[in-house]
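Participant: This is the structure, below, for whatever I ask next.
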Amino acid sequence: FEWSGCSDNMAYGVAFSKVFVDAREQGRTKHNKTRCQMNLHNNEAGRRAVEDNMRVECKCHGVSGSCELRTCWKAMSAFSVIGHVLKEKFDGATEVKPSQTNELIPLSSQFKPHTDQDLIYMES
């Protein structure tokens, strides 16, 4: 098969969302720094969810559908699919607190450390 076609421009979408969505977190005061860290982490986890759930679409070319040549490209999953993935992440989110080194760590040692793909939260 030939890797071609018009893939969804993931790099542009990620860059645009960093400027548009993350902009609100820029310039937050030190008082809100941990909440800012949490929001930026969750924004990145959302972008990763979209990227990790890209699907491959293909189209066959040839006489009478013989599929002599197949062209494939990456496409974003349906919004509902990404929503379902994020809902599952939300249901399994880890409660965090700031550490002495200003990293966000699980509130309890019973919680697993979060990864870049996990959602996190803090109680107000």
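In the structure tokens, chains take letters A, B, ... by order of appearance, with residues numbered from 1 within each chain and ligands from 1 in the order shown.
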Can I get the residues of region 82-114 of chain A within 10 Å of region 42-54 of chain A, each with the closest pair of atoms and their distance in Å to one decimal, using only C-alpha atoms, sorted chain first then ascending number, as a tab-separated table?
Facilitator:
residue	atom	partner	partner_atom	distance
A:Ile82	CA	A:Val50	CA	6.3
A:Gly83	CA	A:Ala49	CA	9.4
A:Val85	CA	A:Ala49	CA	7.2
A:Leu86	CA	A:Gly46	CA	7.2
A:Lys89	CA	A:Ala45	CA	9.3
A:Phe90	CA	A:Asn42	CA	10.0
Participant: May I have the selected residues written with C-alpha atoms, as a PDB file, in the first residue's frame?
Facilitator:
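New file part18.pdb:
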ATOM      1  CA  ILE A  82     -12.528  10.745  22.192  1.00  0.00           C
ATOM      2  CA  GLY A  83     -15.243  11.814  24.624  1.00  0.00           C
ATOM      3  CA  VAL A  85     -11.875   7.836  26.276  1.00  0.00           C
ATOM      4  CA  LEU A  86     -11.695  11.068  28.281  1.00  0.00           C
ATOM      5  CA  LYS A  89      -9.826   8.835  32.222  1.00  0.00           C
ATOM      6  CA  PHE A  90     -11.996  11.215  34.265  1.00  0.00           C
TER       7      PHE A  90
END
Participant: Output as a VMD selection string all residues of region 19-114 of chain A that backbone DSSP marks as strand (DSSP E).
Facilitator: chain A and resid 55 to 61 69 to 75 94 to 98 104 to 106
Participant: Out of chain A, which residues get alpha helix (DSSP H) from DSSP, as number ranges by chain?
Facilitator: A: 10-20, 33-52, 79-91
Participant: Next, dump the selected residues to file, keeping only C-alpha atoms, as a PDB file, in the first residue's frame.
Facilitator:
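After the write, selection-v8.pdb holds the following:
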ATOM      1  CA  MET A  10      -2.240  16.606  14.145  1.00  0.00           C
ATOM      2  CA  ALA A  11       0.870  18.765  14.564  1.00  0.00           C
ATOM      3  CA  TYR A  12      -1.090  21.906  13.657  1.00  0.00           C
ATOM      4  CA  GLY A  13      -3.955  20.954  15.978  1.00  0.00           C
ATOM      5  CA  VAL A  14      -1.601  20.349  18.907  1.00  0.00           C
ATOM      6  CA  ALA A  15       0.242  23.634  18.304  1.00  0.00           C
ATOM      7  CA  PHE A  16      -3.014  25.580  17.947  1.00  0.00           C
ATOM      8  CA  SER A  17      -4.508  24.067  21.103  1.00  0.00           C
ATOM      9  CA  LYS A  18      -1.367  24.930  23.073  1.00  0.00           C
ATOM     10  CA  VAL A  19      -1.716  28.573  22.022  1.00  0.00           C
ATOM     11  CA  PHE A  20      -5.502  28.712  22.413  1.00  0.00           C
ATOM     12  CA  LYS A  33       0.693  27.714  40.262  1.00  0.00           C
ATOM     13  CA  THR A  34      -0.361  24.202  41.297  1.00  0.00           C
ATOM     14  CA  ARG A  35      -3.789  24.593  39.703  1.00  0.00           C
ATOM     15  CA  CYS A  36      -2.057  25.865  36.576  1.00  0.00           C
ATOM     16  CA  GLN A  37       0.221  22.789  36.572  1.00  0.00           C
ATOM     17  CA  MET A  38      -2.827  20.558  36.931  1.00  0.00           C
ATOM     18  CA  ASN A  39      -4.683  22.263  34.073  1.00  0.00           C
ATOM     19  CA  LEU A  40      -1.659  22.151  31.757  1.00  0.00           C
ATOM     20  CA  HIS A  41      -1.154  18.462  32.577  1.00  0.00           C
ATOM     21  CA  ASN A  42      -4.815  17.689  31.806  1.00  0.00           C
ATOM     22  CA  ASN A  43      -4.706  19.751  28.596  1.00  0.00           C
ATOM     23  CA  GLU A  44      -1.730  17.688  27.440  1.00  0.00           C
ATOM     24  CA  ALA A  45      -3.473  14.445  28.447  1.00  0.00           C
ATOM     25  CA  GLY A  46      -6.423  15.479  26.273  1.00  0.00           C
ATOM     26  CA  ARG A  47      -4.167  16.155  23.312  1.00  0.00           C
ATOM     27  CA  ARG A  48      -2.488  12.784  23.856  1.00  0.00           C
ATOM     28  CA  ALA A  49      -5.907  11.084  23.899  1.00  0.00           C
ATOM     29  CA  VAL A  50      -6.696  12.542  20.483  1.00  0.00           C
ATOM     30  CA  GLU A  51      -3.269  11.605  19.125  1.00  0.00           C
ATOM     31  CA  ASP A  52      -3.300   8.085  20.594  1.00  0.00           C
ATOM     32  CA  PHE A  79     -15.628  13.175  18.755  1.00  0.00           C
ATOM     33  CA  SER A  80     -17.800  10.674  20.625  1.00  0.00           C
ATOM     34  CA  VAL A  81     -14.918   8.159  20.725  1.00  0.00           C
ATOM     35  CA  ILE A  82     -12.528  10.745  22.192  1.00  0.00           C
ATOM     36  CA  GLY A  83     -15.243  11.814  24.624  1.00  0.00           C
ATOM     37  CA  HIS A  84     -15.644   8.222  25.807  1.00  0.00           C
ATOM     38  CA  VAL A  85     -11.875   7.836  26.276  1.00  0.00           C
ATOM     39  CA  LEU A  86     -11.695  11.068  28.281  1.00  0.00           C
ATOM     40  CA  LYS A  87     -14.715  10.051  30.385  1.00  0.00           C
ATOM     41  CA  GLU A  88     -12.921   6.822  31.317  1.00  0.00           C
ATOM     42  CA  LYS A  89      -9.826   8.835  32.222  1.00  0.00           C
ATOM     43  CA  PHE A  90     -11.996  11.215  34.265  1.00  0.00           C
ATOM     44  CA  ASP A  91     -13.539   8.315  36.182  1.00  0.00           C
TER      45      ASP A  91
END
